[in-house]
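Take a look at the structure set out below.
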Amino acid sequence: MNKADREGAIRRIVVALDASPHSLAALRTAAELAARLDAELLGIYVQDINLLRVAELPFSREITIYSAAPRELDRRQMEQQLRSQARQAKRALAEVARKNNLTWSFVIARGLIETELLTFAQESDLFLLGKSGWSRRSHLGSTARVIVRRAPKMTMIVQHGIHLGPPVGVIYDGTPLARKALVAATNMLHRQEGFLAIIILAESADLARKYQREISGWVGQQNLHVHYRWLVGMKVSRLLELIRSEQCGALVIPAELEEWDGEELNELVDQMECPVLLVR
Amino acid sequence: MENVKPLQPTELYQYSDPEKFGFKTTDDLKDLVEVIGQPRAIEAIKFGIGIDQPGYNIFAMGSSGTGKRALIKRHFEERAASEPVPPDWVYVNNFEEPHKPKTISLPAGKGSEFRQDMEDFVEELRTNLTSAFESDEYRSRRQSIEQEAQEQQEKSLEELQEKSREKGFSLIRTPGGLVFAPIKDGEVLSPEEFQQLEEEERKKLESELEQLQEELKQIMQNVPKLQRSLRERVTELNQEITNYSVGGLIDDLKEKYSEFSKVIEFLDAIQKDVVENAAELLAAEAGENGNQQGNLMAALMGRSRQAGETRLRNYQVNLLVDNRELEGAPVIHEENPTYQNLIGRVEHRAQMGALLTDFRLIKSGALHRANGGYLILDIRQVLLQPYSWEALKRVLQSEEIKIESIGQMLSLISTVSLEPEPIPLDVKVAIYGDRMLYYLLSQLDPDFNELFKVQADFEEQMDRDDGNQELYARMIGTKVRENGLKPFDRNAVARVIEHGARLVGDSEKLTTQVRAVDNLLREANYWAEQNGDGIVRREDVQKAIDAQIHRADRLRERVQETILRGTFLIDTQGEQVGQVNGLSVIQLGGFAFGRPSRITARVRMGKGEVVDIEREVELSGPIHSKGVLILAGFLGERYAKEQPLSLSASLVFEQSYGGVDGDSASSAELYALLSAISEVPIKQNFAVTGSINQLGEVQAIGGANEKIEGFFDICKSRGLTGDQGVLIPESNVIHLMLREDVIQAVKDGKFNIYPIKNVDQGIELLTGMPAGEPDQEGKYPADTINGHVQARLEKLAEKRQRLTSASKEESS
């Protein structure tokens, strides 16, 4: 918890774009953060290789949402459509970056979506992703699920229609990763009004108190308004209740928690409406 | 025959004796409330008010200035004061047929209360709805419905996805839709890999694919159904929430107005409307407060703010008739009875070049305000306005007020218009006006006699007996005080009363045209003020009368001037054969004056025609022509019963270039004729008036006072000779109310007025020769007028006979 940690801060933000509403929300959030943290913004659009292959298969029939009539697919057409989508994404990125006065770049990749995204996520300090693709639902999409489980470093899942803002909640369980998460959370509150809700996850009340004492010194130095909440014994539903009661505008989670398996994480992220930052 | 004696001064003017009055000045007199001299009319009006049957409306007829309107108003007001206050009437929106607003009647005073209650309701409705739709409960319920719908669809897709996975496929989203793809190790098969498969494998893949696609198609086809179901559920939710928030308000109102079934109906309709159109109303509220959330919600529901505002206004109430301040029944006098002022109107407002209207733009008319009470109208004003009379009759016949736009009827406005529900009418109408209008309407308008069964006939005059003179004096006193005038002393009052008789040209009657008297009082007051007097005296009244005349008599002066200057030839001395001074009256603008006219007759041998030159040139009215024919009849009867009349005579009004009508000069014409036939001259110091019948009797004429004064003025201007005078019919003596200077001249013996009964009396006076009585054989004595006439006629007859037979001899 020294300055080095703070300086190990974010220089390069990568956002996954596919021109869907969720991804546009992710873009906006990414831009806000880039502006606030003085980072550069990279947008990545992945041309799904599976789509291209499907288009080539002779028997593929596309069913459109509005007419329910099957239509033959054509690879060239598919490529055109994907290119057009990419252009839309790029335009959105340019617009947002201009508004926020950012350094930006745009990349088109081709391949399996998850694979490509994970590659880029590796090369970023912060990676943002929309909660799901073209579905309007607020549940975690298939791509997002994979990313949640495997993304390195810091990944934020953003939902369409919900804005990033204080108060910021963070889960702390005494691990170094949790400390890293804490630092990230305080960074998010940088230059902003609002409080930090620290949810201490421990197996017992004593342990919880211990954790709190450990960090309270440092936290006090950050000049922040802080709420402390204790959760004794891991239970997703109870955790959700706590988070909701604090009315968090963002949540920071150390992604490798001892107490829980991948499914619980997925469930938590799925249920959260606010943007979720996973720290690894 | 005895000579006719001239009239005594006392017969020329009937004074009102101030000594008989029981007062000194008008200050001593008690006010008179009732209009005088109209017992018949008053009885009629009381009857008309009392009878409670349809069609018994009142027509008050008579000359203007007789106090018709005041009398009607007073009696109406007296009666109305004890009658119940009629109900209020409101118009409200008809939700089923908006172009036919409904009407509701409420007890007086409740109308304005109801209006206020509905205004309050609208305000509360806005807030209630907004808070209901902003409540967490609504939001979460709505969200869950929406999510459920979404999830339903996606669940099916997910299931399909699972199924397809089992078969080795995956459901992939393309930019355009969905597609199935065969999967191996999480990747779609490339075409090369696909080719490498066995034929059988490929076939299997394809058939499974088709099945899956079929299922997908089914799911997609369900989408619209699901959408609709979603919308329906949201609508249901909205309605439930609306009902909940508005129900309470409506129930309170229903309880308050539980006795009024039409109000309850209206409230029910509102409730239904609110529930069905909650979205619009929300938009209105959002617009009002610039509420972002509300705006958003409304925008989501796709409604405009304008529509919402309009809908809210539909819940308001148009208070058409507000009787909350009224005590007793209404008495309304509509001074400008245009169609719209009577029936009411529907106004329009312009919006984007079109004219729109709704129930709030219905305005009331006089009939609405008078409903349950009384309405007074001037018939001439009503008839002058296009369509007013017809509308009034229609309304009275149907006993309801139906507001229709004339513009609409005549297609002057082709636009949205209203048919407001008719309002039942219960009113008593009194119209007042000229007698002529009454008779015309009664004769020519078939509906009139059905609707105005009560005629209140106003007298022009009343008897001048002592009792009535007292009343007259009191009426004068009342007017003096009403107009804030100085008090009149009793001599002044007497003079006014005498003038009242002169105004109707009858010494035994008094005019009931109160307005003329009223004017005189005010003018007399003015002249008294000029004197600096604190009281009005007889001289002031006389001055007022003289001044009135002077203001009006410019023409008389000019006419007299033409006579005095000799432009117009009139002799007032000497004698002439076949020439007599006739008298006529000129009436212009309410002022009448008399003037002498020279009438001449010339005779020659002929076949018996009496030619009326005026008639020949069509300057004669029919009555004048009739008079001439009558005198011809008289002539024939008296002098040519058994032998033909062998003369031709011509009669003319010398220097008359305008029309002549009336038979009041027929006696003068006869005298001129007799003079011409008998060749006995007529004295020019006399003037004659009177009409005759075929028996030679002299009949009464009109304007006796003016005619006498007219001749007198000429004689006086030239200097009275002492033997001048006027012959008037005896039956006109009671009409005499002559000017003071005429009476004085008669008293001084310088002028005389002779009452004439028959032609013989007249001709005697005019010629100075006796008329003569016939003997048993019908022969008149030689030295009489009749004798001379007879002799001349015989001579002419003989001569004619000779000439005719001579010419017969010649021709044969």
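Chain labels A, B, ... are given in the sequence in which chains occur in the structure tokens; within each chain residues are numbered consecutively from 1, and ligands are likewise numbered from 1 in the order shown.
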- Using only C-alpha atoms, select each residue of chain A with any atom at most 12 Å away from an atom of chain B, and give the selection as a PyMOL selection string. chain A and resi 18-20+47-75+77-86+111-115+133-139+141-142
- Pick out the residues sitting within 10 Å of Ala544 of chain B, and hand them over as JSON, numbers by chain; count only C-alpha atoms, and ignore anything fewer than 5 positions along from it in its own chain. {"B": [519, 520, 521, 522, 523, 524, 525, 526, 527, 528, 538, 539, 549, 550]}
Can you tell me which residues surround Glu256 of chain A at a distance of at most 12 Å, considering only C-alpha atoms, apart from same-chain residues fewer than 6 positions away, and format the answer as a JSON list (two decimals) with N, CA, C and O atoms, in the first residue's frame?
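What landed in result24.json:
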[["chain", "number", "residue", "atom", "x", "y", "z"],
["A", 148, "VAL", "N", -14.97, -13.45, -17.63],
["A", 148, "VAL", "CA", -15.00, -13.32, -16.17],
["A", 148, "VAL", "C", -14.11, -14.38, -15.51],
["A", 148, "VAL", "O", -13.38, -14.14, -14.57],
["A", 149, "ARG", "N", -14.23, -15.59, -16.09],
["A", 149, "ARG", "CA", -13.49, -16.66, -15.45],
["A", 149, "ARG", "C", -11.99, -16.60, -15.72],
["A", 149, "ARG", "O", -11.19, -16.98, -14.90],
["A", 150, "ARG", "N", -11.64, -16.06, -16.90],
["A", 150, "ARG", "CA", -10.23, -16.18, -17.28],
["A", 150, "ARG", "C", -9.48, -14.89, -17.50],
["A", 150, "ARG", "O", -8.29, -14.92, -17.80],
["A", 151, "ALA", "N", -10.15, -13.78, -17.34],
["A", 151, "ALA", "CA", -9.44, -12.54, -17.67],
["A", 151, "ALA", "C", -8.34, -12.27, -16.67],
["A", 151, "ALA", "O", -8.55, -12.39, -15.48],
["A", 152, "PRO", "N", -7.22, -11.81, -17.17],
["A", 152, "PRO", "CA", -6.13, -11.47, -16.27],
["A", 152, "PRO", "C", -6.27, -10.05, -15.78],
["A", 152, "PRO", "O", -7.10, -9.30, -16.31],
["A", 153, "LYS", "N", -5.44, -9.64, -14.86],
["A", 153, "LYS", "CA", -5.40, -8.26, -14.41],
["A", 153, "LYS", "C", -6.80, -7.71, -14.08],
["A", 153, "LYS", "O", -7.56, -8.31, -13.35],
["A", 171, "ILE", "N", -14.81, -5.61, -2.11],
["A", 171, "ILE", "CA", -14.81, -6.77, -1.19],
["A", 171, "ILE", "C", -13.38, -7.03, -0.71],
["A", 171, "ILE", "O", -12.45, -7.09, -1.53],
["A", 172, "TYR", "N", -13.26, -7.17, 0.55],
["A", 172, "TYR", "CA", -11.90, -7.35, 1.12],
["A", 172, "TYR", "C", -11.88, -8.59, 2.01],
["A", 172, "TYR", "O", -12.71, -8.74, 2.90],
["A", 173, "ASP", "N", -10.94, -9.48, 1.70],
["A", 173, "ASP", "CA", -10.86, -10.68, 2.53],
["A", 173, "ASP", "C", -9.45, -10.91, 3.08],
["A", 173, "ASP", "O", -9.05, -12.03, 3.39],
["A", 175, "THR", "N", -6.58, -10.89, 1.71],
["A", 175, "THR", "CA", -5.52, -11.36, 0.82],
["A", 175, "THR", "C", -4.83, -10.19, 0.13],
["A", 175, "THR", "O", -5.41, -9.10, 0.04],
["A", 176, "PRO", "N", -3.62, -10.42, -0.37],
["A", 176, "PRO", "CA", -2.93, -9.35, -1.13],
["A", 176, "PRO", "C", -3.75, -8.91, -2.35],
["A", 176, "PRO", "O", -3.77, -7.73, -2.71],
["A", 177, "LEU", "N", -4.38, -9.86, -2.96],
["A", 177, "LEU", "CA", -5.23, -9.52, -4.09],
["A", 177, "LEU", "C", -6.33, -8.55, -3.66],
["A", 177, "LEU", "O", -6.66, -7.60, -4.36],
["A", 178, "ALA", "N", -6.83, -8.83, -2.49],
["A", 178, "ALA", "CA", -7.89, -7.94, -1.96],
["A", 178, "ALA", "C", -7.34, -6.56, -1.74],
["A", 178, "ALA", "O", -8.03, -5.56, -1.99],
["A", 180, "LYS", "N", -4.96, -5.22, -3.45],
["A", 180, "LYS", "CA", -4.87, -4.65, -4.80],
["A", 180, "LYS", "C", -6.23, -4.09, -5.23],
["A", 180, "LYS", "O", -6.34, -3.00, -5.79],
["A", 181, "ALA", "N", -7.25, -4.88, -4.91],
["A", 181, "ALA", "CA", -8.61, -4.44, -5.24],
["A", 181, "ALA", "C", -8.95, -3.16, -4.53],
["A", 181, "ALA", "O", -9.57, -2.24, -5.08],
["A", 262, "GLY", "N", -15.88, -20.74, -9.28],
["A", 262, "GLY", "CA", -16.17, -19.87, -10.42],
["A", 262, "GLY", "C", -17.65, -19.56, -10.59],
["A", 262, "GLY", "O", -18.05, -18.43, -10.91],
["A", 263, "GLU", "N", -18.48, -20.54, -10.34],
["A", 263, "GLU", "CA", -19.91, -20.36, -10.56],
["A", 263, "GLU", "C", -20.49, -19.25, -9.70],
["A", 263, "GLU", "O", -21.31, -18.45, -10.12],
["A", 264, "GLU", "N", -20.03, -19.21, -8.45],
["A", 264, "GLU", "CA", -20.55, -18.18, -7.55],
["A", 264, "GLU", "C", -20.16, -16.80, -8.05],
["A", 264, "GLU", "O", -20.94, -15.85, -7.96],
["A", 265, "LEU", "N", -18.94, -16.71, -8.57],
["A", 265, "LEU", "CA", -18.51, -15.43, -9.12],
["A", 265, "LEU", "C", -19.41, -15.01, -10.27],
["A", 265, "LEU", "O", -19.87, -13.87, -10.35],
["A", 278, "LEU", "N", -13.27, -6.69, -11.91],
["A", 278, "LEU", "CA", -12.63, -7.89, -11.37],
["A", 278, "LEU", "C", -11.13, -7.67, -11.34],
["A", 278, "LEU", "O", -10.54, -7.25, -12.34],
["A", 279, "VAL", "N", -10.54, -7.93, -10.22],
["A", 279, "VAL", "CA", -9.10, -7.72, -10.06],
["A", 279, "VAL", "C", -8.40, -9.06, -9.90],
["A", 279, "VAL", "O", -8.82, -9.89, -9.09],
["A", 280, "ARG", "N", -7.40, -9.25, -10.75],
["A", 280, "ARG", "CA", -6.64, -10.49, -10.63],
["A", 280, "ARG", "C", -5.15, -10.19, -10.47],
["A", 280, "ARG", "O", -4.68, -9.23, -11.06]]
- Query: Which residues come within 6 Å of segment 330-346 of chain B, counting only C-alpha atoms, excluding same-chain residues fewer than 4 positions away, as a list in words?
  - Reply: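 With the cut-off at 6 Å, the set is Leu361, Ile362, Lys363, Ser364, Gly365, Ala366, Leu367, Ala370, Gly373, Tyr374, Leu375, Ile376, Leu377, Val382, Gln385 and Ser388 of chain B.
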File dump, residues just selected, C-alpha atoms, as a PDB file, in the first residue's frame:
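Contents of result37.pdb, freshly written:
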ATOM      1  CA  LEU B 361     -67.053  27.036 -25.729  1.00  0.00           C
ATOM      2  CA  ILE B 362     -70.829  26.901 -25.352  1.00  0.00           C
ATOM      3  CA  LYS B 363     -72.073  30.253 -24.178  1.00  0.00           C
ATOM      4  CA  SER B 364     -75.463  31.030 -22.729  1.00  0.00           C
ATOM      5  CA  GLY B 365     -78.132  33.262 -24.189  1.00  0.00           C
ATOM      6  CA  ALA B 366     -80.897  35.365 -22.687  1.00  0.00           C
ATOM      7  CA  LEU B 367     -83.247  32.408 -22.764  1.00  0.00           C
ATOM      8  CA  ALA B 370     -84.375  33.698 -18.060  1.00  0.00           C
ATOM      9  CA  GLY B 373     -88.422  33.100 -14.915  1.00  0.00           C
ATOM     10  CA  TYR B 374     -89.338  35.938 -17.229  1.00  0.00           C
ATOM     11  CA  LEU B 375     -88.042  37.433 -20.461  1.00  0.00           C
ATOM     12  CA  ILE B 376     -88.901  40.850 -21.886  1.00  0.00           C
ATOM     13  CA  LEU B 377     -88.215  41.743 -25.527  1.00  0.00           C
ATOM     14  CA  VAL B 382     -86.393  40.975 -32.471  1.00  0.00           C
ATOM     15  CA  GLN B 385     -82.407  40.670 -36.266  1.00  0.00           C
ATOM     16  CA  SER B 388     -84.202  35.766 -34.048  1.00  0.00           C
TER      17      SER B 388
END
- Message: Using only C-alpha atoms for the distances, tell me which of B:Ala80, B:Leu645, B:Ala269, B:Val493 is nearest to Glu19 of chain B.
- Response: B:Val493
- Message: Quick one: residues within 8 Å of Val96 of chain A, only C-alpha atoms, excluding same-chain residues fewer than 5 positions away - as a PyMOL selection string?
- Response: chain A and resi 27-28+31
- Query: Of the candidates A:Leu242, A:Val236, A:Ala255, A:Ala39, which one gets nearest to Asp125 of chain A if we count only C-alpha atoms?
  - Reply: A:Ala39
- Give the strand (DSSP E or B) residues of segment 18-253 of chain A, as assigned by DSSP on the backbone, as a VMD selection string. chain A and resid 40 to 48 61 to 64 70 to 72 104 to 111 126 to 130 154 to 158 168 to 172 195 to 202 225 to 232 250 to 253
